[in-house]
Structures are given as C-alpha cells and as structure tokens.
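The file coords31.cif contains mmCIF, C-alpha atoms:
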```
data_coords
loop_
_atom_site.label_atom_id
_atom_site.label_comp_id
_atom_site.auth_asym_id
_atom_site.auth_seq_id
_atom_site.Cartn_x
_atom_site.Cartn_y
_atom_site.Cartn_z
CA MET A 1 139.41 105.08 133.21
CA ASP A 2 138.75 108.67 134.26
CA LEU A 3 136.00 110.00 132.00
CA ASN A 4 137.15 113.59 132.21
CA THR A 5 134.59 114.90 129.72
CA VAL A 6 131.66 113.87 131.95
CA VAL A 7 130.41 116.88 133.89
CA GLU A 8 127.26 115.41 135.45
CA VAL A 9 125.88 112.14 136.80
CA CYS A 10 122.13 112.07 137.35
CA ASP A 11 119.67 109.57 138.79
CA GLY A 12 118.19 107.41 136.04
CA ARG A 13 114.74 107.96 137.57
CA ASP A 14 114.88 111.71 136.92
CA ARG A 15 112.61 112.82 134.10
CA VAL A 16 115.13 115.10 132.45
CA PRO A 17 115.19 115.55 128.67
CA TRP A 18 117.67 113.42 126.77
CA ARG A 19 120.45 115.40 125.16
CA ALA A 20 123.54 114.81 123.05
CA GLY A 21 126.36 113.40 125.19
CA ASP A 22 124.05 111.39 127.47
CA ALA A 23 124.56 107.69 128.19
CA TRP A 24 122.86 105.13 130.42
CA LEU A 25 125.15 103.83 133.16
CA GLY A 26 124.62 100.25 134.31
CA GLY A 27 127.61 98.41 135.75
CA GLY A 28 130.05 100.73 133.99
CA THR A 29 132.50 97.97 133.07
CA TYR A 30 132.49 99.08 129.44
CA LEU A 31 132.00 102.82 129.87
CA PHE A 32 134.96 103.08 132.22
CA SER A 33 137.19 100.72 130.25
CA GLU A 34 138.24 103.17 127.55
CA PRO A 35 137.98 106.88 126.70
CA GLN A 36 134.48 108.18 125.90
CA PRO A 37 135.21 111.71 124.68
CA HIS A 38 131.68 112.20 123.34
CA LEU A 39 130.03 111.78 126.77
CA ARG A 40 128.95 114.69 128.96
CA ARG A 41 126.35 113.17 131.29
CA LEU A 42 125.75 109.70 132.74
CA ARG A 43 122.22 108.61 133.70
CA ASP A 44 122.72 106.12 136.53
CA LEU A 45 120.41 103.08 136.55
CA SER A 46 121.62 101.67 139.88
CA ARG A 47 118.68 103.16 141.82
CA MET A 48 115.92 102.03 139.49
CA GLY A 49 114.93 99.29 141.93
CA TRP A 50 114.34 96.67 139.27
CA GLU A 51 114.18 93.12 140.61
CA PRO A 52 117.17 91.34 139.02
CA LEU A 53 115.28 88.15 138.18
CA ARG A 54 111.65 87.23 138.60
CA ARG A 55 109.24 84.59 137.39
CA LEU A 56 106.12 86.08 135.84
CA PRO A 57 102.63 84.62 136.36
CA ASP A 58 102.82 82.73 133.06
CA GLY A 59 106.12 81.08 134.08
CA SER A 60 108.36 83.34 131.99
CA LEU A 61 111.68 84.52 133.40
CA GLU A 62 112.27 88.26 133.32
CA ILE A 63 115.92 89.30 133.54
CA ALA A 64 116.36 92.97 134.38
CA ALA A 65 118.89 94.87 132.31
CA THR A 66 120.65 95.76 135.57
CA CYS A 67 121.01 92.12 136.68
CA THR A 68 124.69 91.33 137.14
CA ILE A 69 126.40 88.31 135.64
CA ALA A 70 127.24 87.04 139.14
CA ARG A 71 123.58 87.24 140.18
CA LEU A 72 122.42 85.46 137.03
CA SER A 73 125.01 82.73 137.54
CA ARG A 74 123.79 82.05 141.08
CA TYR A 75 120.19 82.01 139.93
CA GLY A 76 120.93 79.63 137.06
CA LYS A 77 122.30 77.04 139.46
CA GLU A 78 118.99 77.02 141.33
CA LEU A 79 116.68 77.37 138.33
CA ASP A 80 114.24 74.50 137.94
CA ALA A 81 114.21 74.26 134.16
CA VAL A 82 115.57 71.87 131.55
CA ALA A 83 117.59 74.67 129.94
CA ALA A 84 119.08 75.83 133.27
CA PRO A 85 122.63 74.52 132.58
CA LEU A 86 122.87 76.88 129.61
CA VAL A 87 122.81 79.87 131.96
CA GLU A 88 126.06 78.90 133.68
CA GLN A 89 127.67 77.80 130.42
CA CYS A 90 127.11 81.24 128.93
CA CYS A 91 128.16 83.06 132.11
CA ARG A 92 131.41 81.08 132.03
CA ALA A 93 131.95 82.11 128.41
CA PHE A 94 132.85 85.62 129.60
CA LEU A 95 136.46 86.69 129.29
CA ALA A 96 136.23 88.43 132.67
CA SER A 97 137.46 88.40 136.26
CA PHE A 98 135.22 88.00 139.31
CA LYS A 99 135.37 91.78 139.69
CA ILE A 100 133.74 92.22 136.30
CA TRP A 101 131.22 89.47 137.06
CA ASN A 102 130.02 91.41 140.10
CA MET A 103 129.57 94.67 138.21
CA ALA A 104 128.85 93.83 134.56
CA THR A 105 125.16 93.62 133.69
CA VAL A 106 123.12 91.51 131.31
CA GLY A 107 121.75 94.65 129.68
CA GLY A 108 125.20 96.13 129.23
CA ASN A 109 126.41 93.00 127.48
CA LEU A 110 123.48 93.14 125.05
CA CYS A 111 123.78 96.87 124.44
CA ASN A 112 127.52 96.68 123.76
CA ALA A 113 126.48 94.35 120.94
CA LEU A 114 129.87 92.69 120.65
CA PRO A 115 129.81 89.48 118.57
CA ALA A 116 131.32 87.54 121.50
CA GLY A 117 128.77 88.80 124.04
CA PRO A 118 127.64 85.60 125.81
CA MET A 119 124.44 87.14 127.19
CA ILE A 120 123.45 87.77 123.59
CA SER A 121 124.16 84.10 122.89
CA LEU A 122 122.13 82.91 125.88
CA THR A 123 119.06 85.05 125.36
CA ALA A 124 118.98 84.71 121.57
CA ALA A 125 119.25 80.91 121.81
CA LEU A 126 116.31 80.84 124.24
CA ASP A 127 114.23 83.04 121.94
CA GLY A 128 114.31 85.97 124.38
CA ARG A 129 112.55 89.25 123.83
CA CYS A 130 113.87 92.68 124.78
CA THR A 131 111.58 95.22 126.43
CA LEU A 132 112.60 98.72 125.32
CA LEU A 133 111.51 101.99 126.94
CA ALA A 134 111.50 105.18 124.87
CA GLN A 135 111.91 108.72 126.16
CA ASP A 136 108.22 109.43 125.52
CA GLY A 137 107.21 106.53 127.78
CA SER A 138 106.25 104.14 125.01
CA VAL A 139 107.24 100.48 125.22
CA ARG A 140 108.14 98.03 122.49
CA SER A 141 109.30 94.43 122.35
CA VAL A 142 112.03 93.13 120.04
CA PRO A 143 113.44 89.59 119.71
CA VAL A 144 117.02 89.40 120.97
CA ALA A 145 118.08 87.88 117.65
CA GLU A 146 116.93 91.13 115.97
CA PHE A 147 118.12 93.53 118.70
CA VAL A 148 121.78 93.29 117.69
CA THR A 149 122.30 94.34 114.06
CA GLY A 150 126.10 94.26 113.81
CA PRO A 151 129.34 94.73 115.78
CA GLY A 152 128.48 97.45 118.29
CA THR A 153 125.15 98.30 116.66
CA LYS A 154 121.60 97.62 117.82
CA VAL A 155 118.04 98.78 117.19
CA LEU A 156 117.93 101.20 120.14
CA ALA A 157 116.71 104.66 119.20
CA GLU A 158 118.24 107.81 120.69
CA GLY A 159 117.69 107.74 124.44
CA GLU A 160 115.86 104.41 124.34
CA LEU A 161 116.53 102.07 127.25
CA LEU A 162 116.74 98.28 127.47
CA ARG A 163 114.56 97.46 130.48
CA ALA A 164 114.62 93.66 130.54
CA VAL A 165 114.89 90.43 128.59
CA THR A 166 112.13 87.84 128.94
CA LEU A 167 112.48 84.09 128.36
CA SER A 168 109.31 82.08 127.88
CA PRO A 169 108.56 78.93 129.93
CA ARG A 170 108.49 76.98 126.68
CA ALA A 171 112.03 78.09 125.82
CA LEU A 172 113.22 77.31 129.35
CA GLY A 173 111.93 73.78 128.86
CA SER A 174 114.14 73.17 125.82
CA ARG A 175 116.89 70.57 125.69
CA THR A 176 120.06 72.45 124.83
CA ALA A 177 123.62 71.81 123.73
CA PHE A 178 126.48 74.29 123.93
CA ARG A 179 129.81 74.60 122.12
CA GLN A 180 132.41 77.34 122.31
CA ALA A 181 135.74 77.73 120.53
CA SER A 182 138.59 80.17 121.06
CA LEU A 183 142.10 80.54 119.67
CA TYR A 184 143.37 80.52 123.25
CA GLY A 185 142.51 78.53 126.36
CA LEU A 186 141.12 81.60 128.14
CA GLY A 187 140.56 83.75 125.08
CA ARG A 188 137.50 85.56 123.80
CA SER A 189 135.00 83.35 121.99
CA GLY A 190 135.74 82.95 118.30
CA ALA A 191 132.63 80.86 117.76
CA LEU A 192 129.77 80.07 120.12
CA VAL A 193 126.96 77.80 118.94
CA ILE A 194 123.86 76.70 120.86
CA GLY A 195 121.25 74.18 119.85
CA ALA A 196 117.77 73.86 121.36
CA VAL A 197 115.01 71.29 120.92
CA ASP A 198 111.51 72.61 121.61
CA PRO A 199 109.70 70.68 124.37
CA VAL A 200 106.30 70.93 122.65
CA ASP A 201 106.78 70.19 118.95
CA ALA A 202 110.40 68.90 118.95
CA SER A 203 111.43 71.61 116.48
CA PHE A 204 115.14 72.46 116.43
CA ALA A 205 116.92 75.81 116.50
CA VAL A 206 120.61 76.52 116.18
CA THR A 207 122.02 79.90 117.20
CA ILE A 208 125.40 81.08 115.94
CA THR A 209 127.20 83.94 117.68
CA ALA A 210 130.78 85.18 118.16
CA ALA A 211 131.70 83.78 114.73
CA THR A 212 129.26 86.16 113.05
CA VAL A 213 128.74 89.93 113.09
CA ARG A 214 125.28 89.45 114.61
CA PRO A 215 123.28 86.54 116.02
CA PHE A 216 121.91 84.03 113.53
CA ARG A 217 119.10 81.79 114.79
CA LEU A 218 117.96 79.12 112.35
CA ARG A 219 114.79 77.08 112.96
CA PHE A 220 113.90 73.65 111.62
CA PRO A 221 110.58 71.76 112.00
CA ASP A 222 112.55 68.78 113.33
CA LEU A 223 116.15 67.76 113.81
CA PRO A 224 117.85 68.08 110.38
CA GLY A 225 120.42 65.76 108.90
CA PRO A 226 124.07 66.86 108.63
CA GLU A 227 123.80 68.05 105.03
CA ALA A 228 120.51 69.91 105.57
CA LEU A 229 122.00 71.72 108.56
CA ARG A 230 125.14 72.66 106.67
CA THR A 231 123.17 73.88 103.66
CA ALA A 232 120.87 76.00 105.82
CA ILE A 233 123.76 77.69 107.63
CA GLY A 234 125.58 78.32 104.36
CA ALA A 235 122.47 79.93 102.86
CA ALA A 236 121.70 82.09 105.90
CA VAL A 237 125.19 83.37 106.74
CA GLU A 238 126.82 85.16 103.83
CA ASP A 239 130.57 85.60 103.44
CA ARG A 240 130.36 89.17 104.72
CA ASP A 241 128.61 87.99 107.90
CA TRP A 242 131.60 86.05 109.29
CA TYR A 243 133.40 88.27 111.79
CA ASP A 244 137.02 89.29 111.29
CA ASP A 245 139.26 90.50 114.12
CA ILE A 246 142.35 89.53 116.10
CA HIS A 247 140.43 86.69 117.77
CA GLY A 248 139.88 84.77 114.55
CA LEU A 249 139.82 85.01 110.77
CA PRO A 250 136.48 84.61 108.97
CA VAL A 251 137.51 81.34 107.31
CA TRP A 252 138.38 79.81 110.70
CA ARG A 253 135.21 81.11 112.34
CA ARG A 254 133.13 79.69 109.51
CA HIS A 255 134.82 76.31 109.79
CA MET A 256 134.30 76.19 113.56
CA ALA A 257 130.66 77.27 113.33
CA PHE A 258 129.88 74.44 110.90
CA ARG A 259 131.83 71.96 112.99
CA LEU A 260 130.26 72.94 116.31
CA ALA A 261 126.77 73.03 114.82
CA GLU A 262 127.18 69.44 113.62
CA GLU A 263 128.45 68.34 117.04
CA ILE A 264 125.39 69.92 118.61
CA ARG A 265 123.07 68.28 116.09
CA ALA A 266 124.64 64.90 116.82
CA GLU A 267 124.40 65.39 120.59
CA LEU A 268 120.75 66.36 120.52
CA ALA A 269 120.02 63.46 118.17
CA GLY A 270 121.40 61.16 120.84
CA ASN A 271 124.56 60.33 118.92
CA GLY A 272 126.96 61.63 121.53
CA GLY A 273 128.91 64.61 120.25
CA ARG A 274 132.47 65.45 121.24
CA PHE A 275 134.38 68.20 122.96
CA THR A 276 136.39 70.39 120.63
CA SER A 277 140.02 71.14 121.28
CA GLY A 278 139.29 74.85 121.70
CA GLY A 279 135.89 74.75 123.34
CA ALA A 280 133.84 73.58 126.24
CA ARG A 281 130.32 72.49 126.93
#
```
What's the structure tokens form of this structure?
Amino acid sequence: MDLNTVVEVCDGRDRVPWRAGDAWLGGGTYLFSEPQPHLRRLRDLSRMGWEPLRRLPDGSLEIAATCTIARLSRYGKELDAVAAPLVEQCCRAFLASFKIWNMATVGGNLCNALPAGPMISLTAALDGRCTLLAQDGSVRSVPVAEFVTGPGTKVLAEGELLRAVTLSPRALGSRTAFRQASLYGLGRSGALVIGAVDPVDASFAVTITAATVRPFRLRFPDLPGPEALRTAIGAAVEDRDWYDDIHGLPVWRRHMAFRLAEEIRAELAGNGGRFTSGGAR
C-alpha cells in the first residue's frame, strides 16, 4: 500500500516533538496493509538497536517490541523453560505468510490490539508486563492483560511507545496447555484459550482471547472443577464481551471458549484432553 499522505520518515531515535499525524513504524505489516489517510510522518524504530530477546539477571525474558515473529519462533525452539512450547504454538496461530513472519513484530501485534492477535495471547497467558515510554521520558509498566482494552484500543497515551514485554522466570516455568479454534482450517482464530499452572503454588490461570473483545485472564488458587471453571468464565465475560465479526458469531465463540477451557482444565489435571475439530495444540 502506497501511503501517499506520508510526507516524512524520521529516525525513531530523533528527539523531535510528537505531532498529529505521527505514527511509530515497526515492521510496517499493518501500516502498509491498508490506507492510513490520517498519517503524515512515520517514526522508524528499525535503528533503535534494541536486542530482540534477552534474559535479564533475575531470569526474566525481555522481548523487544521490534522483535520479529520469525526471531521469536527460533528463540522459542531453543528456550530452556517448561512453557517454551507455548511460544511456537502462538507463533503458528498467526494467519500470515513467511514474508509477514520476517517483518511483523511482537510490539506491532500487541499495539494493533486485534482480538485474534496471538502475541497478545502468549504474553497475557504468561502474565507479561509491557514497558511503555512516554514522550517526556517517563516509564511505566502495565500488565499485558490490561494493555489491550478492546478491538483496536489500548492504554497507550498520545505518542507513547511500547518498548518491550517482560515474562518472569516463574511464568516461564508454568505448565501450559493451548487450544485454538477457527471456522476454517487456515482461518483467523475465533477462539484461543491458554491454561497455565504455576510452578510454585500450583495455582491455575486460564486466558481467553480471540473469542473476546479483549484478553480475559482468570486466576484460581488451584485447579478448579468443571462447574467452577464454567461459572467463573460466565461471571467474568459478559454477553457484550464476546467478539462479533465475519470470523465467528458471539454465540459460537462463547461455546468454543467454554469447550476449550474445559479441555485445557482436563489436560492439566492429567485427564488427557482432546483435539478439537477446528483447533490445534
């Protein structure tokens, strides 16, 4: 897509005042996919020099906003952590070609805030935290589950930048289970549910995305029974929270979310769990 309203591209490192019509440019796979008539200047992040992935002294994993999906996928295959398989499962949940994989960024997927964004699913399920940089130089940290507030909306202030997402060593040590459902074999996710058992206190968390307008992460002190899980999801996700678009009606998304959550609960309880006809582990 030729963004013919853009008159300037500047280095993201330049300390120039933010103005109306500015946008951060990461991989560009969204910005250049459709007209953006409101844009006048792109602030390119490609020269920021951020290390794509690094382990911090406390064992946490920091994922730079500019880390590509392809780079994250390769890293996940080598990651020495119990939750490592979840990285590849979420990378494979993209409805994207290898060309997109090599350009699309983790930060872009979060900032697009689409319900089916699998990097939102991954980082929310592992209790990730977003590091946000404001134009005045201040820094704040927000849980991924609270970063996305609705379809296409997030907590970013004007000119604020997503710098990185951090996953704690405790979260990386979680046992996880993954389920995805789509109306089509290679279609966009209509429901994506992830369960995680904490390695320290055996608490359980279930994260629902794609089926809902924003991520829902429910925590339990231990693995709940089927009815307790169903009741908790029904109380947390209101009727208006089930997403509605061409990739699935709310009633179907709700049904699949409940079904996949129970499969995950059963799997993590050691009772097996099954593949769904429209999903994959």
Which residue out of A:Leu162, A:Val206, A:Cys130, A:Val142 has the minimum interatomic distance to Arg179 in chain A when only C-alpha atoms are used?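 Checking each candidate against Arg179 in chain A, we get A:Val206 as the closest.
Applied to the file shown here, the PyMOL selection byres ((chain A and resi 195) around 6) selects Thr176, Ala177, Ile194, Ala196, Ala205 and Val206 of chain A.
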Tell me which residues the PyMOL selection byres ((chain A and resi 134) around 9) grabs here, as a count of residues only. 14
Choose the residue, out of A:Met119, A:Ala81, A:Cys111, A:Leu172, that has the smallest atom-to-atom separation from Thr149 in chain A; count all atoms listed in the file. A:Cys111
With all atoms listed in the file as the counted atoms, please give the residues lying no more than 8 Å from range 48-60 of chain A, apart from itself and same-chain residues fewer than 3 positions off, as a list in words.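 Residues meeting the cut-off are Gly12, Arg13, Leu45, Ile63, Ala64, Ala65, Thr66, Cys67, Thr68, Arg71, Leu72, Thr166, Leu167, Ser168 and Pro169 of chain A.
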So which residues get picked by the PyMOL selection byres ((chain A and resi 230-232) around 10) here, written as a ChimeraX atom specification? /A:218-220,224-229,233-237,257-259,261-262
Taking all atoms listed in the file into account, name the residue in A:Met256, A:Asn4, A:Ala266, A:Phe147 that is nearest to Pro37 in chain A. A:Asn4
Pick out the residues sitting within 9 Å of Glu34 in chain A, and hand them over as a count of residues only; count only C-alpha atoms, and ignore anything fewer than 2 positions along from it in its own chain. 7
Using all atoms listed in the file, which of the listed residues (A:Gln180, A:Arg175, A:Ile100, A:Trp242) sits closest to Gly270 in chain A?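 Of all the options, A:Arg175 lies closest to Gly270 in chain A.
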Please reconstruct the missing atoms of range 194-205 of chain A (target: all heavy atoms) and return them as a PDB file, in the coordinates of the input.
```
ATOM      1  N   ILE A 194     124.808  77.315 119.928  1.00  0.00           N
ATOM      2  CA  ILE A 194     123.860  76.700 120.860  1.00  0.00           C
ATOM      3  C   ILE A 194     122.721  76.074 120.076  1.00  0.00           C
ATOM      4  O   ILE A 194     122.168  76.699 119.166  1.00  0.00           O
ATOM      5  CB  ILE A 194     123.306  77.739 121.852  1.00  0.00           C
ATOM      6  CG1 ILE A 194     124.433  78.336 122.706  1.00  0.00           C
ATOM      7  CG2 ILE A 194     122.237  77.114 122.754  1.00  0.00           C
ATOM      8  CD1 ILE A 194     123.994  79.532 123.542  1.00  0.00           C
ATOM      9  N   GLY A 195     122.390  74.850 120.440  1.00  0.00           N
ATOM     10  CA  GLY A 195     121.250  74.180 119.850  1.00  0.00           C
ATOM     11  C   GLY A 195     120.158  74.004 120.876  1.00  0.00           C
ATOM     12  O   GLY A 195     120.433  73.855 122.074  1.00  0.00           O
ATOM     13  N   ALA A 196     118.898  74.022 120.447  1.00  0.00           N
ATOM     14  CA  ALA A 196     117.770  73.860 121.360  1.00  0.00           C
ATOM     15  C   ALA A 196     116.666  73.062 120.679  1.00  0.00           C
ATOM     16  O   ALA A 196     116.325  73.341 119.524  1.00  0.00           O
ATOM     17  CB  ALA A 196     117.242  75.216 121.810  1.00  0.00           C
ATOM     18  N   VAL A 197     116.133  72.084 121.400  1.00  0.00           N
ATOM     19  CA  VAL A 197     115.010  71.290 120.920  1.00  0.00           C
ATOM     20  C   VAL A 197     113.770  71.697 121.697  1.00  0.00           C
ATOM     21  O   VAL A 197     113.749  71.618 122.934  1.00  0.00           O
ATOM     22  CB  VAL A 197     115.272  69.783 121.071  1.00  0.00           C
ATOM     23  CG1 VAL A 197     114.045  68.975 120.651  1.00  0.00           C
ATOM     24  CG2 VAL A 197     116.479  69.372 120.228  1.00  0.00           C
ATOM     25  N   ASP A 198     112.741  72.132 120.992  1.00  0.00           N
ATOM     26  CA  ASP A 198     111.510  72.610 121.610  1.00  0.00           C
ATOM     27  C   ASP A 198     110.803  71.482 122.358  1.00  0.00           C
ATOM     28  O   ASP A 198     110.663  70.377 121.828  1.00  0.00           O
ATOM     29  CB  ASP A 198     110.592  73.186 120.536  1.00  0.00           C
ATOM     30  CG  ASP A 198     109.378  73.868 121.118  1.00  0.00           C
ATOM     31  OD1 ASP A 198     108.403  73.167 121.446  1.00  0.00           O
ATOM     32  OD2 ASP A 198     109.407  75.101 121.254  1.00  0.00           O
ATOM     33  N   PRO A 199     110.329  71.743 123.593  1.00  0.00           N
ATOM     34  CA  PRO A 199     109.700  70.680 124.370  1.00  0.00           C
ATOM     35  C   PRO A 199     108.287  70.321 123.915  1.00  0.00           C
ATOM     36  O   PRO A 199     107.748  69.291 124.311  1.00  0.00           O
ATOM     37  CB  PRO A 199     109.673  71.266 125.787  1.00  0.00           C
ATOM     38  CG  PRO A 199     109.578  72.741 125.571  1.00  0.00           C
ATOM     39  CD  PRO A 199     110.420  73.012 124.354  1.00  0.00           C
ATOM     40  N   VAL A 200     107.688  71.157 123.076  1.00  0.00           N
ATOM     41  CA  VAL A 200     106.300  70.930 122.650  1.00  0.00           C
ATOM     42  C   VAL A 200     106.228  70.216 121.314  1.00  0.00           C
ATOM     43  O   VAL A 200     105.596  69.159 121.185  1.00  0.00           O
ATOM     44  CB  VAL A 200     105.525  72.268 122.586  1.00  0.00           C
ATOM     45  CG1 VAL A 200     104.108  72.039 122.053  1.00  0.00           C
ATOM     46  CG2 VAL A 200     105.485  72.930 123.958  1.00  0.00           C
ATOM     47  N   ASP A 201     106.897  70.773 120.295  1.00  0.00           N
ATOM     48  CA  ASP A 201     106.780  70.190 118.950  1.00  0.00           C
ATOM     49  C   ASP A 201     108.073  69.555 118.439  1.00  0.00           C
ATOM     50  O   ASP A 201     108.151  69.121 117.296  1.00  0.00           O
ATOM     51  CB  ASP A 201     106.291  71.233 117.950  1.00  0.00           C
ATOM     52  CG  ASP A 201     107.230  72.437 117.845  1.00  0.00           C
ATOM     53  OD1 ASP A 201     108.372  72.368 118.346  1.00  0.00           O
ATOM     54  OD2 ASP A 201     106.828  73.464 117.260  1.00  0.00           O
ATOM     55  N   ALA A 202     109.112  69.514 119.286  1.00  0.00           N
ATOM     56  CA  ALA A 202     110.400  68.900 118.950  1.00  0.00           C
ATOM     57  C   ALA A 202     111.101  69.604 117.783  1.00  0.00           C
ATOM     58  O   ALA A 202     112.001  69.031 117.163  1.00  0.00           O
ATOM     59  CB  ALA A 202     110.242  67.419 118.645  1.00  0.00           C
ATOM     60  N   SER A 203     110.712  70.849 117.491  1.00  0.00           N
ATOM     61  CA  SER A 203     111.430  71.610 116.480  1.00  0.00           C
ATOM     62  C   SER A 203     112.823  71.932 117.005  1.00  0.00           C
ATOM     63  O   SER A 203     113.075  71.917 118.216  1.00  0.00           O
ATOM     64  CB  SER A 203     110.678  72.882 116.112  1.00  0.00           C
ATOM     65  OG  SER A 203     110.496  73.703 117.259  1.00  0.00           O
ATOM     66  N   PHE A 204     113.731  72.251 116.087  1.00  0.00           N
ATOM     67  CA  PHE A 204     115.140  72.460 116.430  1.00  0.00           C
ATOM     68  C   PHE A 204     115.562  73.863 116.010  1.00  0.00           C
ATOM     69  O   PHE A 204     115.171  74.355 114.942  1.00  0.00           O
ATOM     70  CB  PHE A 204     115.996  71.419 115.710  1.00  0.00           C
ATOM     71  CG  PHE A 204     117.485  71.633 115.827  1.00  0.00           C
ATOM     72  CD1 PHE A 204     118.165  71.415 117.015  1.00  0.00           C
ATOM     73  CD2 PHE A 204     118.222  72.052 114.723  1.00  0.00           C
ATOM     74  CE1 PHE A 204     119.537  71.601 117.121  1.00  0.00           C
ATOM     75  CE2 PHE A 204     119.602  72.238 114.803  1.00  0.00           C
ATOM     76  CZ  PHE A 204     120.253  72.015 116.009  1.00  0.00           C
ATOM     77  N   ALA A 205     116.351  74.506 116.844  1.00  0.00           N
ATOM     78  CA  ALA A 205     116.920  75.810 116.500  1.00  0.00           C
ATOM     79  C   ALA A 205     118.402  75.805 116.816  1.00  0.00           C
ATOM     80  O   ALA A 205     118.818  75.269 117.852  1.00  0.00           O
ATOM     81  CB  ALA A 205     116.223  76.926 117.274  1.00  0.00           C
TER      82      ALA A 205
END
```
